[in-house]
file input20.txt (compact mmCIF, C-alpha atoms and all ligand atoms)
# COMPACT_ATOMS: atom_id res chain seq x y z
CA MET A 1 -47.63 6.81 -0.81
CA SER A 2 -47.40 4.64 2.26
CA SER A 3 -48.42 5.10 5.85
CA LEU A 4 -46.49 5.08 9.06
CA ILE A 5 -47.88 3.17 12.02
CA LEU A 6 -46.77 3.70 15.60
CA GLY A 7 -47.42 0.66 17.83
CA ILE A 8 -47.47 0.65 21.64
CA GLU A 9 -47.48 -2.50 23.79
CA SER A 10 -48.02 -2.29 27.55
CA SER A 11 -50.11 -5.33 28.51
CA CYS A 12 -47.81 -6.80 31.14
CA ASP A 13 -44.19 -6.24 32.14
CA GLU A 14 -42.60 -4.96 28.93
CA THR A 15 -43.06 -1.52 27.44
CA GLY A 16 -42.64 -1.79 23.68
CA VAL A 17 -42.86 0.89 20.98
CA ALA A 18 -42.29 0.44 17.25
CA LEU A 19 -42.73 2.06 13.86
CA VAL A 20 -43.91 0.05 10.87
CA ARG A 21 -44.17 1.32 7.30
CA LEU A 22 -47.32 0.09 5.51
CA PRO A 23 -46.71 0.23 1.77
CA ASP A 24 -49.55 0.71 -0.68
CA GLY A 25 -50.57 -2.51 -2.40
CA GLY A 26 -50.01 -5.96 -0.98
CA ALA A 27 -46.36 -5.89 0.10
CA VAL A 28 -45.49 -7.04 3.62
CA PRO A 29 -45.25 -4.05 6.01
CA GLN A 30 -41.71 -3.16 7.06
CA LEU A 31 -40.38 -2.64 10.57
CA LEU A 32 -38.46 0.65 10.72
CA SER A 33 -37.52 0.74 14.37
CA HIS A 34 -38.50 -0.75 17.70
CA ALA A 35 -37.55 -0.23 21.32
CA LEU A 36 -38.29 -2.23 24.42
CA HIS A 37 -37.96 -1.78 28.14
CA SER A 38 -38.30 -4.94 30.23
CA GLN A 39 -39.42 -4.60 33.84
CA ILE A 40 -38.17 -8.06 34.77
CA ASP A 41 -35.43 -6.79 37.12
CA MET A 42 -37.95 -4.64 38.97
CA HIS A 43 -40.47 -7.47 39.51
CA ARG A 44 -37.91 -10.18 40.31
CA ALA A 45 -37.67 -9.14 43.96
CA TYR A 46 -41.40 -9.92 44.33
CA GLY A 47 -41.29 -13.28 42.54
CA GLY A 48 -43.77 -12.11 39.89
CA VAL A 49 -45.36 -9.12 38.21
CA VAL A 50 -46.75 -6.47 40.61
CA PRO A 51 -49.52 -4.80 38.53
CA GLU A 52 -49.34 -1.39 40.21
CA LEU A 53 -45.57 -1.16 39.72
CA ALA A 54 -45.98 -2.32 36.13
CA SER A 55 -48.41 0.51 35.31
CA ARG A 56 -46.21 3.15 36.89
CA ASP A 57 -43.17 1.96 35.00
CA HIS A 58 -45.03 1.93 31.67
CA ILE A 59 -45.87 5.60 32.32
CA ARG A 60 -42.20 6.40 32.88
CA ARG A 61 -40.98 4.55 29.78
CA VAL A 62 -43.48 4.97 26.98
CA LEU A 63 -42.68 8.49 25.80
CA PRO A 64 -38.87 8.17 25.95
CA LEU A 65 -39.17 4.92 23.96
CA THR A 66 -41.41 6.71 21.44
CA GLU A 67 -38.84 9.49 21.06
CA HIS A 68 -36.17 6.84 20.58
CA VAL A 69 -37.92 5.01 17.71
CA LEU A 70 -38.75 8.29 15.96
CA LYS A 71 -35.15 9.43 16.17
CA GLU A 72 -33.76 6.08 15.10
CA SER A 73 -35.99 5.95 12.01
CA GLY A 74 -35.42 9.62 11.11
CA THR A 75 -39.12 10.43 11.43
CA THR A 76 -41.11 12.82 13.61
CA LEU A 77 -44.45 12.52 15.37
CA GLN A 78 -46.00 14.55 12.53
CA ASP A 79 -45.11 11.72 10.12
CA VAL A 80 -47.17 9.17 12.06
CA ASP A 81 -50.42 8.28 10.25
CA VAL A 82 -51.99 5.79 12.69
CA VAL A 83 -51.37 5.11 16.37
CA ALA A 84 -51.94 1.47 17.41
CA PHE A 85 -52.00 0.08 20.95
CA THR A 86 -52.69 -3.21 22.73
CA ARG A 87 -56.34 -3.22 23.80
CA GLY A 88 -56.03 -6.56 25.68
CA PRO A 89 -55.82 -9.07 27.11
CA GLY A 90 -53.48 -8.07 29.92
CA LEU A 91 -53.31 -6.18 33.21
CA ALA A 92 -56.00 -3.46 33.22
CA GLY A 93 -53.84 -0.67 34.65
CA ALA A 94 -50.94 -1.52 32.38
CA LEU A 95 -53.17 -1.61 29.29
CA LEU A 96 -54.67 1.76 30.23
CA VAL A 97 -51.24 3.39 30.02
CA GLY A 98 -50.65 2.32 26.41
CA ALA A 99 -54.25 3.06 25.41
CA GLY A 100 -54.21 6.45 27.13
CA VAL A 101 -50.94 7.54 25.55
CA ALA A 102 -51.98 6.26 22.09
CA CYS A 103 -55.29 8.11 22.22
CA ALA A 104 -53.70 11.29 23.58
CA LEU A 105 -51.18 11.23 20.72
CA GLY A 106 -53.94 10.52 18.22
CA ALA A 107 -56.05 13.42 19.52
CA ALA A 108 -53.10 15.83 19.62
CA LEU A 109 -51.94 14.90 16.10
CA ASP A 110 -55.47 14.53 14.69
CA ARG A 111 -54.69 10.96 13.61
CA PRO A 112 -56.80 7.80 13.87
CA VAL A 113 -56.07 5.15 16.50
CA LEU A 114 -56.46 1.39 16.48
CA GLY A 115 -56.70 -1.09 19.40
CA VAL A 116 -55.03 -4.44 18.69
CA HIS A 117 -55.57 -7.88 20.27
CA HIS A 118 -52.34 -8.87 22.00
CA LEU A 119 -52.55 -12.48 20.78
CA GLU A 120 -53.04 -11.38 17.19
CA GLY A 121 -49.80 -9.45 17.65
CA HIS A 122 -48.01 -12.64 18.70
CA LEU A 123 -49.70 -14.63 15.93
CA LEU A 124 -48.56 -12.24 13.19
CA SER A 125 -45.08 -11.60 14.65
CA PRO A 126 -43.39 -14.13 12.30
CA PHE A 127 -44.26 -11.70 9.47
CA LEU A 128 -41.58 -9.44 10.94
CA SER A 129 -38.91 -12.00 10.04
CA GLU A 130 -36.85 -12.12 6.85
CA ASP A 131 -38.71 -15.18 5.61
CA PRO A 132 -42.37 -14.49 6.43
CA PRO A 133 -44.92 -17.34 6.18
CA GLU A 134 -47.68 -17.55 3.60
CA PHE A 135 -51.32 -18.22 4.44
CA PRO A 136 -52.83 -20.65 5.26
CA PHE A 137 -51.03 -22.23 8.22
CA ILE A 138 -51.47 -23.90 11.59
CA ALA A 139 -50.47 -21.67 14.48
CA LEU A 140 -49.25 -22.85 17.86
CA LEU A 141 -49.70 -19.90 20.17
CA VAL A 142 -47.86 -20.47 23.44
CA SER A 143 -47.56 -17.58 25.87
CA GLY A 144 -47.74 -17.00 29.59
CA GLY A 145 -51.52 -16.76 29.50
CA HIS A 146 -52.59 -18.77 26.44
CA THR A 147 -52.02 -22.07 24.70
CA GLN A 148 -53.93 -22.52 21.47
CA LEU A 149 -53.75 -24.36 18.18
CA MET A 150 -55.36 -22.40 15.38
CA ARG A 151 -56.08 -22.71 11.73
CA VAL A 152 -55.14 -19.40 10.10
CA ASP A 153 -56.49 -18.75 6.60
CA GLY A 154 -55.69 -15.05 6.43
CA VAL A 155 -55.53 -11.88 8.52
CA GLY A 156 -58.50 -12.00 10.90
CA ASP A 157 -59.54 -15.43 9.61
CA TYR A 158 -58.79 -17.63 12.60
CA ALA A 159 -60.38 -20.86 13.82
CA ILE A 160 -59.41 -22.28 17.21
CA LEU A 161 -58.76 -26.01 16.89
CA GLY A 162 -57.82 -26.61 20.52
CA GLU A 163 -56.70 -24.79 23.64
CA THR A 164 -55.76 -25.34 27.24
CA ILE A 165 -58.52 -26.23 29.64
CA ASP A 166 -56.53 -24.94 32.63
CA ASP A 167 -52.95 -23.58 32.79
CA ALA A 168 -51.10 -22.21 29.76
CA ALA A 169 -47.78 -23.74 28.67
CA GLY A 170 -45.87 -20.66 29.87
CA GLU A 171 -47.68 -20.90 33.20
CA ALA A 172 -46.60 -24.55 33.49
CA PHE A 173 -43.00 -23.46 32.96
CA ASP A 174 -43.31 -20.54 35.40
CA LYS A 175 -45.17 -22.39 38.17
CA SER A 176 -42.87 -25.44 38.00
CA ALA A 177 -39.85 -23.14 38.12
CA LYS A 178 -41.26 -21.39 41.20
CA LEU A 179 -41.78 -24.75 42.92
CA MET A 180 -38.10 -25.47 42.31
CA GLY A 181 -37.13 -22.13 43.81
CA LEU A 182 -36.00 -20.57 40.52
CA PRO A 183 -36.23 -16.80 40.08
CA TYR A 184 -38.92 -15.05 38.00
CA PRO A 185 -39.50 -15.34 35.08
CA GLY A 186 -39.32 -19.09 35.45
CA GLY A 187 -39.63 -20.27 31.83
CA PRO A 188 -36.23 -19.21 30.54
CA GLU A 189 -34.59 -20.06 33.91
CA LEU A 190 -36.02 -23.57 33.95
CA SER A 191 -35.00 -24.12 30.36
CA ARG A 192 -31.42 -22.99 31.06
CA LEU A 193 -31.19 -25.31 34.07
CA ALA A 194 -32.64 -28.17 32.01
CA GLU A 195 -29.69 -28.05 29.63
CA GLY A 196 -27.56 -29.78 32.27
CA GLY A 197 -30.21 -32.34 33.27
CA ASP A 198 -31.54 -35.73 32.20
CA PRO A 199 -35.01 -35.39 30.60
CA GLU A 200 -35.78 -39.04 31.44
CA ALA A 201 -34.78 -38.84 35.11
CA PHE A 202 -38.38 -38.46 36.31
CA LYS A 203 -41.53 -39.89 34.80
CA LEU A 204 -43.95 -36.99 34.51
CA PRO A 205 -47.46 -37.08 32.99
CA ARG A 206 -48.27 -35.91 29.43
CA PRO A 207 -51.83 -34.71 30.12
CA LEU A 208 -54.45 -35.16 27.36
CA LEU A 209 -51.86 -36.58 25.00
CA HIS A 210 -54.28 -39.28 23.86
CA SER A 211 -57.50 -37.33 24.38
CA GLY A 212 -58.33 -37.51 20.68
CA ASP A 213 -58.79 -33.74 20.48
CA LEU A 214 -56.41 -30.79 20.29
CA ASP A 215 -56.96 -29.47 23.81
CA PHE A 216 -54.20 -29.14 26.40
CA SER A 217 -54.04 -29.39 30.19
CA PHE A 218 -51.00 -28.50 32.26
CA ALA A 219 -52.37 -28.17 35.81
CA GLY A 220 -51.81 -31.86 36.60
CA LEU A 221 -48.21 -31.67 35.43
CA LYS A 222 -47.53 -28.85 37.87
CA THR A 223 -48.98 -30.99 40.70
CA ALA A 224 -46.79 -33.91 39.63
CA VAL A 225 -43.71 -31.65 39.72
CA LEU A 226 -44.69 -30.49 43.22
CA THR A 227 -45.13 -34.08 44.42
CA GLN A 228 -41.76 -35.03 42.96
CA ALA A 229 -40.07 -32.01 44.54
CA LYS A 230 -41.53 -32.88 47.96
CA LYS A 231 -40.45 -36.50 47.60
CA LEU A 232 -36.89 -35.37 46.86
CA GLY A 233 -36.81 -33.17 49.97
CA ASP A 234 -33.18 -32.34 50.76
CA ASP A 235 -32.06 -34.01 47.52
CA LEU A 236 -34.00 -31.48 45.40
CA GLU A 237 -31.05 -29.14 45.12
CA ALA A 238 -28.80 -31.87 43.70
CA ARG A 239 -31.50 -33.18 41.33
CA LYS A 240 -32.93 -29.82 40.23
CA ALA A 241 -31.48 -29.93 36.73
CA ASP A 242 -32.94 -33.41 36.19
CA LEU A 243 -36.36 -32.30 37.41
CA ALA A 244 -36.20 -29.19 35.20
CA ALA A 245 -35.22 -31.28 32.17
CA SER A 246 -38.00 -33.80 32.82
CA THR A 247 -40.58 -31.02 33.22
CA GLN A 248 -39.50 -29.27 30.05
CA ALA A 249 -39.54 -32.57 28.14
CA ALA A 250 -43.13 -33.26 29.25
CA ILE A 251 -44.41 -29.82 28.22
CA VAL A 252 -42.57 -29.82 24.88
CA ASP A 253 -43.61 -33.40 24.10
CA VAL A 254 -47.31 -32.52 24.41
CA LEU A 255 -46.95 -29.28 22.42
CA VAL A 256 -45.09 -31.00 19.56
CA ARG A 257 -47.33 -34.04 19.32
CA LYS A 258 -50.57 -32.05 19.37
CA THR A 259 -49.20 -29.68 16.73
CA LEU A 260 -48.36 -32.65 14.50
CA THR A 261 -51.91 -33.97 14.98
CA ALA A 262 -53.34 -30.57 13.99
CA LEU A 263 -51.19 -30.59 10.83
CA LYS A 264 -52.26 -34.12 10.00
CA ASP A 265 -55.97 -33.48 10.67
CA THR A 266 -56.07 -30.38 8.48
CA GLY A 267 -53.58 -31.48 5.82
CA MET A 268 -51.68 -28.20 6.26
CA ARG A 269 -48.01 -28.09 5.28
CA ARG A 270 -46.99 -25.01 7.25
CA VAL A 271 -46.86 -24.13 10.94
CA VAL A 272 -46.18 -20.91 12.80
CA VAL A 273 -45.09 -20.89 16.44
CA ALA A 274 -45.59 -17.67 18.40
CA GLY A 275 -45.62 -16.36 21.96
CA GLY A 276 -42.98 -16.39 24.70
CA VAL A 277 -42.64 -20.19 24.93
CA GLY A 278 -41.80 -20.14 21.21
CA ALA A 279 -38.34 -19.01 22.35
CA ASN A 280 -37.78 -22.41 24.00
CA LYS A 281 -34.82 -24.18 22.39
CA LEU A 282 -36.05 -27.72 22.95
CA LEU A 283 -39.46 -26.89 21.47
CA ARG A 284 -37.80 -25.43 18.38
CA ALA A 285 -35.39 -28.38 18.00
CA GLN A 286 -38.08 -31.06 18.39
CA LEU A 287 -40.63 -29.35 16.18
CA ASN A 288 -38.00 -28.64 13.51
CA ALA A 289 -36.89 -32.28 13.51
CA ALA A 290 -40.43 -33.67 13.37
CA CYS A 291 -41.51 -31.26 10.62
CA ALA A 292 -38.36 -31.76 8.54
CA LYS A 293 -39.20 -35.47 8.39
CA ARG A 294 -42.67 -34.62 7.07
CA GLN A 295 -41.57 -31.82 4.69
CA ILE A 296 -43.52 -29.27 6.70
CA ARG A 297 -42.27 -25.67 6.95
CA VAL A 298 -41.96 -24.14 10.42
CA HIS A 299 -41.87 -20.38 10.99
CA TYR A 300 -40.95 -18.57 14.19
CA PRO A 301 -40.67 -14.92 15.09
CA GLU A 302 -37.08 -13.79 15.54
CA LEU A 303 -35.95 -14.84 19.00
CA HIS A 304 -36.05 -11.32 20.46
CA LEU A 305 -39.62 -10.83 19.14
CA CYS A 306 -41.06 -14.01 20.74
CA THR A 307 -41.90 -12.29 23.99
CA ASP A 308 -43.97 -9.10 24.25
CA ASN A 309 -42.88 -6.16 22.07
CA GLY A 310 -44.24 -3.14 20.21
CA ALA A 311 -43.23 -4.36 16.76
CA MET A 312 -45.85 -7.11 16.76
CA ILE A 313 -48.57 -4.61 17.70
CA ALA A 314 -47.60 -2.16 14.93
CA MET A 315 -47.37 -5.11 12.52
CA ALA A 316 -50.77 -6.55 13.45
CA ALA A 317 -52.34 -3.10 13.03
CA ALA A 318 -50.66 -2.67 9.64
CA MET A 319 -51.78 -6.09 8.42
CA ARG A 320 -55.36 -5.58 9.61
CA LEU A 321 -55.55 -2.22 7.85
CA GLN A 322 -53.98 -3.68 4.72
CA ALA A 323 -56.45 -6.58 4.68
CA GLY A 324 -59.37 -4.16 5.05
CA ARG A 325 -60.25 -5.87 8.33
CA GLU A 326 -60.20 -2.64 10.23
CA GLN A 327 -60.72 1.09 9.98
CA ALA A 328 -58.58 3.20 12.26
CA GLU A 329 -60.84 5.88 13.73
CA LYS A 330 -60.51 9.32 15.23
CA THR A 331 -62.33 8.17 18.34
CA TYR A 332 -60.35 8.77 21.47
CA ALA A 333 -62.77 7.59 24.16
CA PHE A 334 -60.73 4.43 24.58
CA ASP A 335 -61.45 1.26 26.46
CA VAL A 336 -59.28 -1.73 27.25
CA LYS A 337 -60.19 -5.42 27.41
CA PRO A 338 -58.16 -7.08 30.21
CA ARG A 339 -59.77 -10.50 29.47
O1 LIG A 401 -45.77 -14.00 25.15
P1 LIG A 401 -45.19 -13.63 26.44
O2 LIG A 401 -44.01 -12.71 26.48
O3 LIG A 401 -46.24 -12.96 27.39
C1 LIG A 401 -47.59 -13.29 27.39
O4 LIG A 401 -48.32 -12.76 26.52
O5 LIG A 401 -47.95 -14.11 28.25
O6 LIG A 401 -44.84 -15.01 27.16
C2 LIG A 401 -44.25 -15.08 28.40
C3 LIG A 401 -44.11 -16.56 28.77
C4 LIG A 401 -43.68 -16.74 30.21
O7 LIG A 401 -44.49 -17.76 30.79
C5 LIG A 401 -42.24 -17.19 30.08
O8 LIG A 401 -41.80 -17.99 31.14
C6 LIG A 401 -42.28 -17.97 28.78
O9 LIG A 401 -43.12 -17.19 27.95
N1 LIG A 401 -40.96 -18.12 28.17
C7 LIG A 401 -40.32 -19.31 28.03
C8 LIG A 401 -39.07 -19.03 27.43
N2 LIG A 401 -38.98 -17.68 27.22
C9 LIG A 401 -40.15 -17.15 27.67
N3 LIG A 401 -40.71 -20.56 28.37
C10 LIG A 401 -39.86 -21.54 28.10
N4 LIG A 401 -38.64 -21.37 27.54
C11 LIG A 401 -38.20 -20.15 27.18
N5 LIG A 401 -37.01 -19.99 26.63
ZN ZN A 402 -47.61 -11.80 25.13
call {"tool": "encode", "arguments": {"input": "input20.txt", "output": "structure tokens"}}
result
Amino acid sequence: MSSLILGIESSCDETGVALVRLPDGGAVPQLLSHALHSQIDMHRAYGGVVPELASRDHIRRVLPLTEHVLKESGTTLQDVDVVAFTRGPGLAGALLVGAGVACALGAALDRPVLGVHHLEGHLLSPFLSEDPPEFPFIALLVSGGHTQLMRVDGVGDYAILGETIDDAAGEAFDKSAKLMGLPYPGGPELSRLAEGGDPEAFKLPRPLLHSGDLDFSFAGLKTAVLTQAKKLGDDLEARKADLAASTQAAIVDVLVRKTLTALKDTGMRRVVVAGGVGANKLLRAQLNAACAKRQIRVHYPELHLCTDNGAMIAMAAAMRLQAGREQAEKTYAFDVKPR
């Protein structure tokens, strides 16, 4: 016997649905099928996510995506044993769509439901890869809303070692990109532009690099980018790639060096990188190089599972159930936790 878990993600601007098979015993749960609809094209015209439009689009997409994953995996709704959804953090209206649909399905099918923490989804997403990590490890969680270094000893056994005191790493990418006039979402755009630039062209600050702790701060960097952009004035267009490369280098430098400090402080030999910024090529290259030198293993989610998706939510639910950290319940009076 095994159980089938349906996962629904709707915290921001991607609707994600997935099916994960949870085997009996200790084996790693298996992803059967996942489907994603990104709202990026819809929000681009506004320069960022419009919450009301996000909620409405989740409503339009979630059931067709659910039908798609069922069909693709050769299963039916009746086969689903547990319905999991993202409880938060995220946009309240957007979260309510996933929670509402999950609980309605649960009630109609008489199956238990389970609310999942979005960041735990990111954190456990490398377990969806062919070469999953083993506990314990250091996790660098870098998304649009969070930047944290964690010690992870098992499912649900997390200790925060350091985190950002202001902007998240993804926010630093996005806000700097906006200052340079790049389209939303700025992170991947800035990183693409940076490929043709000189990372040493501008001297930008590495905030808290020598603070002696594992906290981050990126607000000052954004201000420095703004100052530099103003100074360039009409020359900004011609020097944009250099400014993008210098900005990316500053963010990545801090992330890599603090991660190495966390590894050294704890004596851990394994690190997991998760969240949207984990897709950044320079971050991967620099962390891989630094860790190879120290014989430290680095694990990432597959590139297409770095940003928000339903697979990580189904996976986190499966792993929590498997670890006995959670009971899915037939309680359908749902709530969401935007913060
Ligand atoms: O994890 P995620 O999809 O959503 C949150 O939970 O926040 O992360 C989105 C963030 C955005 O800030 C986006 O700009 C950033 O991840 N991002 C990147 C790259 N791809 C996504 N930042 C830098 N380089 C990338 N390649
Ligand atoms: Zn996310």
call {"tool": "residues_near_point", "arguments": {"input": "input20.txt", "point": "(-39.9, -2.0, 4.4)", "cutoff": "8 Å", "atoms": "all atoms listed in the file", "output": "list in words"}}
result
Val20, Arg21, Leu22, Pro23, Val28, Pro29, Gln30, Leu31 and Leu32 of chain A
call {"tool": "residues_around", "arguments": {"input": "input20.txt", "residues": "His146 in chain A", "least_positions_apart": "4", "cutoff": "8 Å", "atoms": "only C-alpha atoms", "output": "PyMOL selection string"}}
result
chain A and resi 141-142+163-164+167-170
call {"tool": "residues_around", "arguments": {"input": "input20.txt", "residues": "Glu171 in chain A", "least_positions_apart": "6", "cutoff": "10 Å", "atoms": "all atoms listed in the file", "output": "list of chain:residue names"}}
result
A:Val142, A:Ser143, A:Gly144, A:Gly145, A:His146, A:Thr147, A:Ala177, A:Gly186, A:Gly187, A:Phe218, A:Ala219, A:Lys222, A:Val277
call {"tool": "residues_near_point", "arguments": {"input": "input20.txt", "point": "(-29.8, -20.8, 35.6)", "cutoff": "12 Å", "atoms": "all atoms listed in the file", "output": "list in words"}}
result
Ala177, Met180, Gly181, Leu182, Pro183, Tyr184, Pro185, Gly186, Gly187, Pro188, Glu189, Leu190, Ser191, Arg192, Leu193, Ala194, Glu195, Gly196, Gly197, Lys240, Ala241 and Ala244 of chain A
call {"tool": "closest_residue", "arguments": {"input": "input20.txt", "among": "A:Glu329, A:Val97, A:Ala172, A:Ala139", "to": "Ser125 in chain A", "atoms": "only C-alpha atoms"}}
result
A:Ala139
call {"tool": "atom_distance", "arguments": {"input": "input20.txt", "atom1": "CA of Leu263 in chain A", "atom2": "CA of Ala249 in chain A"}}
result
21.0 Å
call {"tool": "closest_residue", "arguments": {"input": "input20.txt", "among": "A:Ala274, A:Val225, A:Met42, A:Leu63", "to": "ligand ZN 402 (chain A)", "atoms": "only C-alpha atoms and all ligand atoms"}}
result
A:Ala274
call {"tool": "atom_distance", "arguments": {"input": "input20.txt", "atom1": "CA of Leu6 in chain A", "atom2": "CA of Lys71 in chain A"}}
result
13.0 Å
call {"tool": "residues_near_ligand", "arguments": {"input": "input20.txt", "ligand": "ligand ZN 402 (chain A)", "cutoff": "8 Å", "atoms": "only C-alpha atoms and all ligand atoms", "output": "list in words"}}
result
Ser11, Cys12, His118, Leu119, His122, Ser143, Gly144, Gly145, Gly275, Gly276, Thr307, Asp308 and Asn309 of chain A
call {"tool": "axis_aligned_box", "arguments": {"input": "input20.txt", "around": "range 226-237 of chain A", "padding_each_side": "8 Å", "output": "AutoDock Vina command-line options"}}
result
--center_x -38.1 --center_y -32.8 --center_z 46.9 --size_x 30.1 --size_y 23.4 --size_z 23.8
call {"tool": "closest_residue", "arguments": {"input": "input20.txt", "among": "A:Leu321, A:Val336, A:Leu204, A:Cys306", "to": "Val155 in chain A", "atoms": "all atoms listed in the file"}}
result
A:Leu321
call {"tool": "closest_residue", "arguments": {"input": "input20.txt", "among": "A:Val50, A:Met315, A:Ala108, A:Leu255", "to": "Leu149 in chain A", "atoms": "only C-alpha atoms"}}
result
A:Leu255
call {"tool": "atom_distance", "arguments": {"input": "input20.txt", "atom1": "atom O1 of ligand LIG 401 (chain A)", "atom2": "CA of Ala279 in chain A"}}
result
9.4 Å
call {"tool": "residues_around", "arguments": {"input": "input20.txt", "residues": "Ala35 in chain A", "least_positions_apart": "5", "cutoff": "9 Å", "atoms": "only C-alpha atoms", "output": "mmCIF file with C-alpha atoms, in the frame of the given file"}}
result
data_model
loop_
_atom_site.group_PDB
_atom_site.id
_atom_site.type_symbol
_atom_site.label_atom_id
_atom_site.label_comp_id
_atom_site.auth_asym_id
_atom_site.auth_seq_id
_atom_site.Cartn_x
_atom_site.Cartn_y
_atom_site.Cartn_z
ATOM 1 C CA THR A 15 -43.060 -1.520 27.440
ATOM 2 C CA GLY A 16 -42.640 -1.790 23.680
ATOM 3 C CA VAL A 17 -42.860 0.890 20.980
ATOM 4 C CA ALA A 18 -42.290 0.440 17.250
ATOM 5 C CA LEU A 65 -39.170 4.920 23.960
ATOM 6 C CA THR A 66 -41.410 6.710 21.440
ATOM 7 C CA HIS A 68 -36.170 6.840 20.580
ATOM 8 C CA VAL A 69 -37.920 5.010 17.710
ATOM 9 C CA ASN A 309 -42.880 -6.160 22.070
ATOM 10 C CA GLY A 310 -44.240 -3.140 20.210
ATOM 11 C CA ALA A 311 -43.230 -4.360 16.760
#
call {"tool": "closest_residue", "arguments": {"input": "input20.txt", "among": "A:Arg44, A:Arg60, A:Arg269, A:Arg87", "to": "Pro136 in chain A", "atoms": "only C-alpha atoms"}}
result
A:Arg269
call {"tool": "build_atoms", "arguments": {"input": "input20.txt", "residues": "range 118-135 of chain A", "atoms": "N, CA and C atoms", "output": "PDB file, keeping the file's coordinate frame"}}
result
ATOM      1  N   HIS A 118     -53.720  -8.474  21.705  1.00  0.00           N
ATOM      2  CA  HIS A 118     -52.340  -8.870  22.000  1.00  0.00           C
ATOM      3  C   HIS A 118     -51.948 -10.208  21.335  1.00  0.00           C
ATOM      4  N   LEU A 119     -52.878 -11.167  21.346  1.00  0.00           N
ATOM      5  CA  LEU A 119     -52.550 -12.480  20.780  1.00  0.00           C
ATOM      6  C   LEU A 119     -52.429 -12.430  19.267  1.00  0.00           C
ATOM      7  N   GLU A 120     -53.176 -11.534  18.643  1.00  0.00           N
ATOM      8  CA  GLU A 120     -53.040 -11.380  17.190  1.00  0.00           C
ATOM      9  C   GLU A 120     -51.657 -10.800  16.884  1.00  0.00           C
ATOM     10  N   GLY A 121     -51.174  -9.952  17.785  1.00  0.00           N
ATOM     11  CA  GLY A 121     -49.800  -9.450  17.650  1.00  0.00           C
ATOM     12  C   GLY A 121     -48.804 -10.595  17.652  1.00  0.00           C
ATOM     13  N   HIS A 122     -48.917 -11.484  18.650  1.00  0.00           N
ATOM     14  CA  HIS A 122     -48.010 -12.640  18.700  1.00  0.00           C
ATOM     15  C   HIS A 122     -48.153 -13.483  17.423  1.00  0.00           C
ATOM     16  N   LEU A 123     -49.411 -13.750  17.072  1.00  0.00           N
ATOM     17  CA  LEU A 123     -49.700 -14.630  15.930  1.00  0.00           C
ATOM     18  C   LEU A 123     -49.050 -14.121  14.643  1.00  0.00           C
ATOM     19  N   LEU A 124     -49.068 -12.810  14.439  1.00  0.00           N
ATOM     20  CA  LEU A 124     -48.560 -12.240  13.190  1.00  0.00           C
ATOM     21  C   LEU A 124     -47.085 -11.836  13.293  1.00  0.00           C
ATOM     22  N   SER A 125     -46.480 -12.027  14.474  1.00  0.00           N
ATOM     23  CA  SER A 125     -45.080 -11.600  14.650  1.00  0.00           C
ATOM     24  C   SER A 125     -44.081 -12.301  13.713  1.00  0.00           C
ATOM     25  N   PRO A 126     -44.335 -13.539  13.258  1.00  0.00           N
ATOM     26  CA  PRO A 126     -43.390 -14.130  12.300  1.00  0.00           C
ATOM     27  C   PRO A 126     -43.323 -13.360  10.970  1.00  0.00           C
ATOM     28  N   PHE A 127     -44.321 -12.514  10.697  1.00  0.00           N
ATOM     29  CA  PHE A 127     -44.260 -11.700   9.470  1.00  0.00           C
ATOM     30  C   PHE A 127     -43.219 -10.592   9.571  1.00  0.00           C
ATOM     31  N   LEU A 128     -42.655 -10.418  10.768  1.00  0.00           N
ATOM     32  CA  LEU A 128     -41.580  -9.440  10.940  1.00  0.00           C
ATOM     33  C   LEU A 128     -40.222 -10.053  10.583  1.00  0.00           C
ATOM     34  N   SER A 129     -40.199 -11.354  10.320  1.00  0.00           N
ATOM     35  CA  SER A 129     -38.910 -12.000  10.040  1.00  0.00           C
ATOM     36  C   SER A 129     -38.569 -11.901   8.553  1.00  0.00           C
ATOM     37  N   GLU A 130     -37.335 -12.252   8.232  1.00  0.00           N
ATOM     38  CA  GLU A 130     -36.850 -12.120   6.850  1.00  0.00           C
ATOM     39  C   GLU A 130     -37.587 -13.041   5.887  1.00  0.00           C
ATOM     40  N   ASP A 131     -38.061 -14.174   6.447  1.00  0.00           N
ATOM     41  CA  ASP A 131     -38.710 -15.180   5.610  1.00  0.00           C
ATOM     42  C   ASP A 131     -40.133 -15.383   6.128  1.00  0.00           C
ATOM     43  N   PRO A 132     -41.027 -14.418   5.844  1.00  0.00           N
ATOM     44  CA  PRO A 132     -42.370 -14.490   6.430  1.00  0.00           C
ATOM     45  C   PRO A 132     -43.176 -15.670   5.866  1.00  0.00           C
ATOM     46  N   PRO A 133     -44.104 -16.213   6.664  1.00  0.00           N
ATOM     47  CA  PRO A 133     -44.920 -17.340   6.180  1.00  0.00           C
ATOM     48  C   PRO A 133     -45.946 -16.884   5.149  1.00  0.00           C
ATOM     49  N   GLU A 134     -46.540 -17.852   4.484  1.00  0.00           N
ATOM     50  CA  GLU A 134     -47.680 -17.550   3.600  1.00  0.00           C
ATOM     51  C   GLU A 134     -48.904 -18.188   4.205  1.00  0.00           C
ATOM     52  N   PHE A 135     -50.068 -17.603   3.989  1.00  0.00           N
ATOM     53  CA  PHE A 135     -51.320 -18.220   4.440  1.00  0.00           C
ATOM     54  C   PHE A 135     -51.648 -19.353   3.480  1.00  0.00           C
TER      55      PHE A 135
END
